[in-house]
Amino acid sequence: MIGRLNHVAIAVPDLPAAMELYRTTLGAQVSEPEDQPEHGVITVFIDLPNTRVELLHPLGDKSPIANFLEKNPAGGIHHICYEVTDIIAARDKLMANGMRVLGTGEPKLGAHHHPVLFLHPKDFNGTLVELEEVAA
Ligand code: CO
């Protein structure tokens, strides 16, 4: 059911410093920051030959990553994102297997304007999992 690893997301306390680290020290292709008000984060994408890294920084006072950064002041891996070709079918199959979908259970548009869902970390070995629908 799951396809490629779309990205690994890292929550960062200092976005310009993290962008500089990837751009200059690691020599990667780094996007401009983009506000995602729907998700309470600012995102930056780093393109690698085989996948992407998503840098996450809180946006607004109710950011879902504010708590995470409080517990991990230096930043840390926040979630991983797998691609699926039919997010509703994937959700229904997961829920039929007892997996918990976060929020309302309805997909939201993610950073790439594709539908996304998040799955409960307790059901996935302590890892927050994002599913993103991509074209088949
Ligand atoms: Co993500």
# chains A, B, ... in the order shown; residues from 1 in each chain; ligands from 1
call {"tool": "residues_near_ligand", "arguments": {"ligand": "ligand 1", "cutoff": "8 Å", "atoms": "only C-alpha atoms and all ligand atoms", "output": "PyMOL selection string"}}
result
chain A and resi 7-9+54+79-81+110-111+130
call {"tool": "select_by_dssp", "arguments": {"residues": "chain A", "states": "strand (DSSP E)", "output": "PyMOL selection string"}}
result
chain A and resi 5-11+29-30+34-36+41-47+52-58+76-84+108-109+115-119+129-133
call {"tool": "residues_around", "arguments": {"residues": "Ala135 (chain A)", "least_positions_apart": "6", "cutoff": "10 Å", "atoms": "only C-alpha atoms", "output": "list in words"}}
result
Glu83, Val84, Thr85, Asp86 and His114 of chain A
call {"tool": "write_last_selection", "arguments": {"atoms": "C-alpha atoms", "output": "PDB file, in the first residue's frame"}}
result
ATOM      1  CA  GLU A  83       3.271   8.256  -0.417  1.00  0.00           C
ATOM      2  CA  VAL A  84      -0.023   6.547  -1.212  1.00  0.00           C
ATOM      3  CA  THR A  85      -2.003   6.688  -4.436  1.00  0.00           C
ATOM      4  CA  ASP A  86      -5.463   6.664  -2.790  1.00  0.00           C
ATOM      5  CA  HIS A 114      -1.800  17.207  -2.016  1.00  0.00           C
TER       6      HIS A 114
END
call {"tool": "residues_around", "arguments": {"residues": "Ala74 (chain A)", "least_positions_apart": "4", "cutoff": "10 Å", "atoms": "only C-alpha atoms", "output": "VMD selection string"}}
result
chain A and resid 11 to 14 69 to 70
call {"tool": "closest_atom_pairs", "arguments": {"of": "region 30-123 of chain A", "to": "region 16-20 of chain A", "cutoff": "10 Å", "atoms": "only C-alpha atoms", "output": "Markdown table"}}
result
| residue | atom | partner | partner_atom | distance |
| --- | --- | --- | --- | --- |
| A:Val30 | CA | A:Met19 | CA | 6.8 |
| A:Ser31 | CA | A:Met19 | CA | 8.6 |
| A:Glu32 | CA | A:Met19 | CA | 9.0 |
| A:Pro33 | CA | A:Met19 | CA | 9.1 |
| A:Val44 | CA | A:Met19 | CA | 7.8 |
| A:Phe45 | CA | A:Met19 | CA | 9.2 |
| A:Ile46 | CA | A:Met19 | CA | 8.6 |
| A:Leu55 | CA | A:Ala18 | CA | 7.8 |
| A:Leu56 | CA | A:Ala18 | CA | 9.9 |
| A:Gly75 | CA | A:Ala18 | CA | 9.9 |
call {"tool": "residues_around", "arguments": {"residues": "His39 (chain A)", "least_positions_apart": "6", "cutoff": "10 Å", "atoms": "only C-alpha atoms", "output": "list of chain:residue names"}}
result
A:Pro58, A:Leu59, A:Gly60, A:Lys62, A:Ser63, A:Pro64, A:Ile65, A:Lys108, A:Leu109, A:Gly110, A:Ala111
call {"tool": "closest_residue", "arguments": {"among": "A:Val134, A:Phe68, A:Ile88, A:Thr51", "to": "Leu117 (chain A)", "atoms": "only C-alpha atoms"}}
result
A:Ile88
call {"tool": "atom_distance", "arguments": {"atom1": "CA of Ile10 (chain A)", "atom2": "CA of His112 (chain A)"}}
result
16.7 Å
call {"tool": "select_by_dssp", "arguments": {"residues": "chain A", "states": "helix (DSSP H, G or I)", "output": "VMD selection string"}}
result
chain A and resid 15 to 25 66 to 71 87 to 96 121 to 123
